[in-house]
Amino acid sequence: MRGLLDFKTNIMSFVEKNEYYALCIGRFILFLSAFLMVHSKLCYSAGLGNIIIPITLSIFCAVIPMSIGMIVLEVFCLLNLMGLGLEVVAIVAIVMLIAHLLYFRFAKGSLYRSVLTPVLAFTRMPYIMPVVCGLRGSTGSIVSVLFGMIIYYLLAGIKANDTVFLSTADISSTDKMMLIIEQITKNKELWVVIFAFLLTDILVYAIRRLSIKNAWRTAYLVGIAFNMVVILSGKLLVGESEGIVWLLIGSVISIGVALLYEFFFMHLDYTRVEQVQFEDDNYYYYVKAVPKVMVQARQKSVKRFSQSQEEMTDKHE
Amino acid sequence: MINEEKVRLMTKLAIYEENKGKHIIPIGNYYKEDYVGIQMLKSFFSGTIAYLLILVLMACYQLEYLITEIVKLDVAAMIISIVAAYVFFMAVYLGITYVICSTRYKKAQKSLKAYDNVLKKLENVYQREEDDTKPIKW
């Protein structure tokens with residue numbers, strides 16, 4: 001445990017000392033995974049097949065503001081979809097534009113969640129997102145995750161029907177557009193997930209604010225279990241049995257991620273809880289203070305022995 | 001000689017202005033009504049464009065039906081329902097904007113109060129320095 005705490009303290013102090021570089025590295029990893037995801041799953045344009053392009057764009061996005069980085073990612077995604085036809089690009093662009101107009105102008109701080117959610121969803125692990133929002137975010141931050149899920153289901157639907165879009169058979173533009181929009185409107189699984197994520201976020205947020213022991217741990221364990229049960233029953237209800245195994249695996253992994261998250265951001269020592277009471281003119285205060293588990297970073301001290309000292313010790317012997 | 005207290009306060013202010021204050025200080029330039037009003041005006045335009053885009057998506061989805069049934073359509077009823085939906089949509093969206101911006105303004109005021117306190121402390125330090133450098137009149 002001491003080793004883990006040392007590791008945490010070292011990471012924290014590194015991030016504090018090199019805040020800008022740490023932020024750039026974080027953004028680079030986020031954008032690299034997003035660009036590579038688009039490159040591997042949605043690359044339908046011949047000119048964008050080179051792996052150098054997503055890597056270069058990730059480096060570029062790591063040093064520019066998040067909002068511009070997100071627009072670069074969206075444009076890259078649209079250019080990749082160009083091979084499927086202009087109708088596909090137009091509909092996806094409209095959905096992205098609606099998200100920007102309605103929500104992203106209020107929540108520039110939670111843009112990264114909208115990028116991270118589809119990336120995690122493509123790896124079948126998005127179930128941690130509503131839990132993280134409930135633990136750290138404000139009440140409305142779940143909306144960014146929900147927009148991320150809508151974009152994911154739209155892109156995943158396009159990917160699943162790419163043979164239809166690519167076929168030379170007679171498929172009219174209106175049919176193509178209908179097919180894309182149906183990926184959102186007629187996708188019952190999407191609405192089940194949105195409903196489950198929304199409820200999970202509210203539940204986690206409510207529990208972690210309670211004045212109980214291990215509020216965070218209780219919140220994410222209950223949240224993950226609740227999310228799994230709601231999605232599972234929703235899937236069975238709408239007859240979508242696909243992905244149930246991944247739901248279970250994803251939920252178990254989410255517990256691991258949440259444990260790690262708790263260790264870094266809310267590692268409390270409940271054995272040293274202090275209860276204090278005091279008053280001022282207007283109120284009487286009952287305060288419960290729970291200390292965080294912290295260790296001082298170990299200072300390495302190197303002792304140097306000069307040659308003369310060594311000789312002296314030899315003589316003594 | 002360097003005044004350590006002054007440097008500490010100035011660093012504190014600079015860090016605030018560079019990070020958190022970047023978004024908060026501009027809010028402090030407005031009265032609540034003005035700030036919320038401007039944001040609601042922006043929301044009115046962005047909401048209207050978003051609604052039009054949603055209509056475009058719906059039209060794309062029903063394009064075939066619209067083309068074949070255009071003659072039989074009750075245009076007046078359709079326009080009334082579109083306008084009613086628009087009014088409802090905007091009422092909800094503007095309501096949410098009002099709540100978000102009011103809360104944001106309240107939080108900004110709290111944060112700016114702390115910023116002002118540090119500024120006042122800095123002003124006091126300057127005042128003290130000025131007093132110390134004044135020649136003493138006999």
# chains A, B, ... in the order shown; residues from 1 in each chain; ligands from 1
call {"tool": "interface_residues", "arguments": {"of": "chain A", "to": "chain B", "cutoff": "10 Å", "atoms": "only C-alpha atoms", "output": "mmCIF file with N, CA, C and O atoms, in the first residue's frame"}}
result
data_model
loop_
_atom_site.group_PDB
_atom_site.id
_atom_site.type_symbol
_atom_site.label_atom_id
_atom_site.label_comp_id
_atom_site.auth_asym_id
_atom_site.auth_seq_id
_atom_site.Cartn_x
_atom_site.Cartn_y
_atom_site.Cartn_z
ATOM 1 N N GLU A 87 -24.797 12.307 -48.799
ATOM 2 C CA GLU A 87 -25.969 12.260 -47.904
ATOM 3 C C GLU A 87 -25.546 11.881 -46.490
ATOM 4 O O GLU A 87 -25.999 12.480 -45.505
ATOM 5 N N ALA A 90 -23.719 14.763 -44.876
ATOM 6 C CA ALA A 90 -24.631 15.861 -44.527
ATOM 7 C C ALA A 90 -25.397 15.550 -43.243
ATOM 8 O O ALA A 90 -25.474 16.398 -42.348
ATOM 9 N N ILE A 91 -25.934 14.338 -43.142
ATOM 10 C CA ILE A 91 -26.736 14.007 -41.951
ATOM 11 C C ILE A 91 -25.866 13.995 -40.686
ATOM 12 O O ILE A 91 -26.254 14.568 -39.655
ATOM 13 N N ILE A 94 -25.053 17.517 -39.687
ATOM 14 C CA ILE A 94 -26.202 18.206 -39.060
ATOM 15 C C ILE A 94 -26.343 17.782 -37.600
ATOM 16 O O ILE A 94 -26.532 18.617 -36.717
ATOM 17 N N VAL A 95 -26.200 16.481 -37.336
ATOM 18 C CA VAL A 95 -26.330 16.002 -35.941
ATOM 19 C C VAL A 95 -25.238 16.633 -35.070
ATOM 20 O O VAL A 95 -25.502 17.100 -33.949
ATOM 21 N N LEU A 97 -23.671 19.429 -35.609
ATOM 22 C CA LEU A 97 -23.941 20.875 -35.499
ATOM 23 C C LEU A 97 -25.025 21.143 -34.440
ATOM 24 O O LEU A 97 -24.918 22.090 -33.654
ATOM 25 N N ILE A 98 -26.047 20.301 -34.424
ATOM 26 C CA ILE A 98 -27.120 20.465 -33.421
ATOM 27 C C ILE A 98 -26.530 20.334 -32.011
ATOM 28 O O ILE A 98 -26.845 21.130 -31.118
ATOM 29 N N ALA A 99 -25.634 19.350 -31.838
ATOM 30 C CA ALA A 99 -25.001 19.167 -30.520
ATOM 31 C C ALA A 99 -24.218 20.420 -30.131
ATOM 32 O O ALA A 99 -24.291 20.873 -28.984
ATOM 33 N N HIS A 100 -23.489 20.995 -31.081
ATOM 34 C CA HIS A 100 -22.708 22.214 -30.789
ATOM 35 C C HIS A 100 -23.621 23.375 -30.435
ATOM 36 O O HIS A 100 -23.366 24.113 -29.485
ATOM 37 N N LEU A 101 -24.684 23.540 -31.220
ATOM 38 C CA LEU A 101 -25.571 24.693 -31.006
ATOM 39 C C LEU A 101 -26.311 24.599 -29.680
ATOM 40 O O LEU A 101 -26.465 25.595 -28.969
ATOM 41 N N LEU A 102 -26.762 23.397 -29.352
ATOM 42 C CA LEU A 102 -27.610 23.269 -28.157
ATOM 43 C C LEU A 102 -26.830 23.116 -26.862
ATOM 44 O O LEU A 102 -27.232 23.635 -25.833
ATOM 45 N N TYR A 103 -25.735 22.409 -26.920
ATOM 46 C CA TYR A 103 -25.099 22.092 -25.642
ATOM 47 C C TYR A 103 -23.662 22.572 -25.485
ATOM 48 O O TYR A 103 -23.309 23.144 -24.452
ATOM 49 N N ARG A 105 -21.890 24.938 -26.394
ATOM 50 C CA ARG A 105 -21.541 26.326 -26.112
ATOM 51 C C ARG A 105 -21.667 26.640 -24.612
ATOM 52 O O ARG A 105 -21.095 27.584 -24.118
ATOM 53 N N PHE A 106 -22.400 25.794 -23.881
ATOM 54 C CA PHE A 106 -22.498 25.972 -22.431
ATOM 55 C C PHE A 106 -21.407 25.212 -21.685
ATOM 56 O O PHE A 106 -21.034 25.575 -20.591
ATOM 57 N N GLY A 140 -25.459 18.654 -14.740
ATOM 58 C CA GLY A 140 -25.747 18.632 -16.184
ATOM 59 C C GLY A 140 -24.667 18.017 -17.041
ATOM 60 O O GLY A 140 -24.819 17.924 -18.267
ATOM 61 N N SER A 173 -31.095 8.475 -52.773
ATOM 62 C CA SER A 173 -30.552 9.339 -51.718
ATOM 63 C C SER A 173 -31.496 9.401 -50.524
ATOM 64 O O SER A 173 -31.057 9.412 -49.368
ATOM 65 N N THR A 174 -32.803 9.448 -50.822
ATOM 66 C CA THR A 174 -33.775 9.532 -49.719
ATOM 67 C C THR A 174 -33.720 8.276 -48.843
ATOM 68 O O THR A 174 -33.818 8.361 -47.626
ATOM 69 N N ASP A 175 -33.555 7.121 -49.494
ATOM 70 C CA ASP A 175 -33.443 5.873 -48.719
ATOM 71 C C ASP A 175 -32.200 5.884 -47.842
ATOM 72 O O ASP A 175 -32.236 5.439 -46.694
ATOM 73 N N LYS A 176 -31.109 6.406 -48.420
ATOM 74 C CA LYS A 176 -29.861 6.486 -47.645
ATOM 75 C C LYS A 176 -30.059 7.365 -46.411
ATOM 76 O O LYS A 176 -29.686 7.001 -45.297
ATOM 77 N N MET A 177 -30.684 8.523 -46.633
ATOM 78 C CA MET A 177 -30.883 9.453 -45.524
ATOM 79 C C MET A 177 -31.800 8.850 -44.466
ATOM 80 O O MET A 177 -31.562 8.981 -43.273
ATOM 81 N N MET A 178 -32.845 8.183 -44.948
ATOM 82 C CA MET A 178 -33.780 7.544 -44.004
ATOM 83 C C MET A 178 -33.065 6.509 -43.146
ATOM 84 O O MET A 178 -33.249 6.447 -41.928
ATOM 85 N N LEU A 179 -32.213 5.729 -43.829
ATOM 86 C CA LEU A 179 -31.483 4.664 -43.126
ATOM 87 C C LEU A 179 -30.582 5.238 -42.027
ATOM 88 O O LEU A 179 -30.510 4.699 -40.914
ATOM 89 N N ILE A 180 -29.937 6.376 -42.345
ATOM 90 C CA ILE A 180 -29.031 6.969 -41.336
ATOM 91 C C ILE A 180 -29.832 7.518 -40.151
ATOM 92 O O ILE A 180 -29.483 7.286 -38.991
ATOM 93 N N ILE A 181 -30.893 8.249 -40.471
ATOM 94 C CA ILE A 181 -31.670 8.863 -39.379
ATOM 95 C C ILE A 181 -32.311 7.779 -38.502
ATOM 96 O O ILE A 181 -32.432 7.940 -37.290
ATOM 97 N N GLU A 182 -32.674 6.662 -39.125
ATOM 98 C CA GLU A 182 -33.254 5.552 -38.346
ATOM 99 C C GLU A 182 -32.272 4.982 -37.324
ATOM 100 O O GLU A 182 -32.684 4.362 -36.340
ATOM 101 N N THR A 185 -33.438 7.386 -34.530
ATOM 102 C CA THR A 185 -34.850 7.410 -34.139
ATOM 103 C C THR A 185 -35.419 6.023 -33.836
ATOM 104 O O THR A 185 -36.237 5.873 -32.937
#
call {"tool": "residues_around", "arguments": {"residues": "Thr218 in chain A", "least_positions_apart": "3", "cutoff": "12 Å", "atoms": "only C-alpha atoms", "output": "list of chain:residue names"}}
result
A:Val131, A:Leu135, A:Leu203, A:Val204, A:Tyr205, A:Ala206, A:Ile207, A:Arg208, A:Arg209, A:Leu210, A:Ser211, A:Ile212, A:Lys213, A:Asn214, A:Ala215, A:Leu221, A:Val222, A:Gly223, A:Ile224, A:Ala225, A:Phe226, A:Ile255, A:Ala258, A:Leu259, A:Glu262
call {"tool": "write_last_selection", "arguments": {"atoms": "N, CA, C and O atoms", "output": "compact mmCIF listing (two decimals), in the first residue's frame"}}
result
# COMPACT_ATOMS: atom_id res chain seq x y z
N VAL A 131 -20.97 7.02 -14.33
CA VAL A 131 -20.49 6.93 -12.94
C VAL A 131 -19.49 8.05 -12.67
O VAL A 131 -19.58 8.74 -11.65
N LEU A 135 -19.75 11.16 -10.05
CA LEU A 135 -18.77 11.31 -8.98
C LEU A 135 -18.11 12.68 -8.99
O LEU A 135 -17.89 13.28 -7.96
N LEU A 203 -28.39 8.90 -9.70
CA LEU A 203 -28.24 8.03 -8.52
C LEU A 203 -26.86 8.17 -7.89
O LEU A 203 -26.73 8.36 -6.67
N VAL A 204 -25.81 8.12 -8.74
CA VAL A 204 -24.44 8.22 -8.23
C VAL A 204 -24.23 9.59 -7.58
O VAL A 204 -23.66 9.69 -6.49
N TYR A 205 -24.73 10.63 -8.24
CA TYR A 205 -24.59 12.00 -7.71
C TYR A 205 -25.27 12.12 -6.34
O TYR A 205 -24.71 12.69 -5.41
N ALA A 206 -26.46 11.52 -6.23
CA ALA A 206 -27.22 11.62 -4.97
C ALA A 206 -26.51 10.86 -3.85
O ALA A 206 -26.40 11.36 -2.73
N ILE A 207 -26.00 9.66 -4.15
CA ILE A 207 -25.37 8.85 -3.09
C ILE A 207 -24.04 9.45 -2.65
O ILE A 207 -23.75 9.51 -1.46
N ARG A 208 -23.25 9.94 -3.61
CA ARG A 208 -21.92 10.43 -3.20
C ARG A 208 -21.99 11.72 -2.38
O ARG A 208 -21.05 12.07 -1.69
N ARG A 209 -23.13 12.37 -2.40
CA ARG A 209 -23.29 13.58 -1.59
C ARG A 209 -23.84 13.27 -0.18
O ARG A 209 -23.95 14.16 0.64
N LEU A 210 -24.19 12.00 0.04
CA LEU A 210 -24.70 11.63 1.36
C LEU A 210 -23.59 11.68 2.39
O LEU A 210 -22.42 11.43 2.08
N SER A 211 -23.97 11.98 3.64
CA SER A 211 -22.97 12.03 4.70
C SER A 211 -22.85 10.66 5.35
O SER A 211 -23.22 10.44 6.50
N ILE A 212 -22.36 9.70 4.56
CA ILE A 212 -22.20 8.33 5.08
C ILE A 212 -20.76 7.89 4.86
O ILE A 212 -20.05 8.48 4.05
N LYS A 213 -20.39 6.83 5.56
CA LYS A 213 -19.04 6.28 5.36
C LYS A 213 -18.95 5.69 3.96
O LYS A 213 -19.89 5.08 3.47
N ASN A 214 -17.78 5.85 3.35
CA ASN A 214 -17.52 5.30 2.01
C ASN A 214 -18.59 5.69 1.00
O ASN A 214 -19.07 4.85 0.22
N ALA A 215 -18.97 6.97 1.02
CA ALA A 215 -20.05 7.43 0.13
C ALA A 215 -19.67 7.22 -1.34
O ALA A 215 -20.49 6.78 -2.15
N LEU A 221 -20.47 1.65 -6.76
CA LEU A 221 -20.86 0.23 -6.81
C LEU A 221 -22.36 0.11 -7.12
O LEU A 221 -22.77 -0.66 -7.99
N VAL A 222 -23.15 0.92 -6.42
CA VAL A 222 -24.60 0.90 -6.66
C VAL A 222 -24.88 1.38 -8.10
O VAL A 222 -25.70 0.79 -8.82
N GLY A 223 -24.17 2.44 -8.50
CA GLY A 223 -24.38 3.01 -9.85
C GLY A 223 -24.10 2.01 -10.95
O GLY A 223 -24.90 1.83 -11.87
N ILE A 224 -22.96 1.32 -10.84
CA ILE A 224 -22.58 0.35 -11.89
C ILE A 224 -23.59 -0.80 -11.93
O ILE A 224 -24.03 -1.23 -13.00
N ALA A 225 -23.96 -1.29 -10.74
CA ALA A 225 -24.93 -2.40 -10.68
C ALA A 225 -26.27 -1.96 -11.26
O ALA A 225 -26.89 -2.68 -12.07
N PHE A 226 -26.70 -0.77 -10.87
CA PHE A 226 -27.99 -0.25 -11.35
C PHE A 226 -27.98 -0.08 -12.87
O PHE A 226 -28.91 -0.49 -13.57
N ILE A 255 -15.82 -1.30 -12.53
CA ILE A 255 -15.56 -1.30 -11.08
C ILE A 255 -14.07 -1.07 -10.83
O ILE A 255 -13.68 -0.28 -9.96
N ALA A 258 -13.26 2.51 -11.55
CA ALA A 258 -13.81 3.37 -10.50
C ALA A 258 -12.96 3.29 -9.22
O ALA A 258 -12.75 4.30 -8.54
N LEU A 259 -12.46 2.09 -8.93
CA LEU A 259 -11.57 1.91 -7.76
C LEU A 259 -10.32 2.77 -7.91
O LEU A 259 -9.89 3.45 -6.97
N GLU A 262 -11.20 6.38 -7.51
CA GLU A 262 -11.37 6.70 -6.09
C GLU A 262 -10.01 6.85 -5.41
O GLU A 262 -9.79 7.77 -4.62
call {"tool": "residues_around", "arguments": {"residues": "Thr123 in chain A", "least_positions_apart": "6", "cutoff": "12 Å", "atoms": "only C-alpha atoms", "output": "VMD selection string"}}
result
chain A and resid 33 to 34 37 41 116 to 117 152 156 243 246 to 247 249 to 250 253
call {"tool": "closest_residue", "arguments": {"among": "A:Phe60, A:Phe147, A:Lys108, A:Gly85", "to": "His23 in chain B", "atoms": "only C-alpha atoms"}}
result
A:Lys108
call {"tool": "residues_around", "arguments": {"residues": "Leu9 in chain B", "least_positions_apart": "4", "cutoff": "8 Å", "atoms": "only C-alpha atoms", "output": "number ranges by chain"}}
result
B: 5, 13, 118-119, 121-122
call {"tool": "atom_distance", "arguments": {"atom1": "CA of Val293 in chain A", "atom2": "CA of Lys110 in chain B"}}
result
29.9 Å
call {"tool": "atom_distance", "arguments": {"atom1": "CA of Asp116 in chain B", "atom2": "CA of Asp132 in chain B"}}
result
24.3 Å
call {"tool": "closest_residue", "arguments": {"among": "A:Ala289, A:Ile128, A:Phe264, A:Phe165", "to": "Gln277 in chain A", "atoms": "only C-alpha atoms"}}
result
A:Ala289
call {"tool": "residues_around", "arguments": {"residues": "range 20-22 of chain B", "least_positions_apart": "2", "cutoff": "12 Å", "atoms": "only C-alpha atoms", "output": "list of chain:residue names"}}
result
A:Gly109, B:Lys12, B:Leu13, B:Ala14, B:Ile15, B:Tyr16, B:Glu17, B:Glu18, B:Ile24, B:Ile25, B:Pro26, B:Ile27, B:Gly28, B:Lys107, B:Ala108, B:Gln109, B:Lys110, B:Ser111, B:Leu112, B:Lys113, B:Ala114, B:Tyr115, B:Asp116
call {"tool": "atom_distance", "arguments": {"atom1": "CA of Gly134 in chain A", "atom2": "CA of Tyr220 in chain A"}}
result
8.5 Å
call {"tool": "select_by_dssp", "arguments": {"residues": "range 182-288 of chain A", "states": "helix (DSSP H, G or I)", "output": "number ranges by chain"}}
result
A: 182-185, 188-208, 215-238, 244-265, 270-272
call {"tool": "residues_around", "arguments": {"residues": "Cys61 in chain A", "least_positions_apart": "3", "cutoff": "7 Å", "atoms": "only C-alpha atoms", "output": "MDAnalysis selection string"}}
result
chainID A and resid 28 31 57:58 64 69
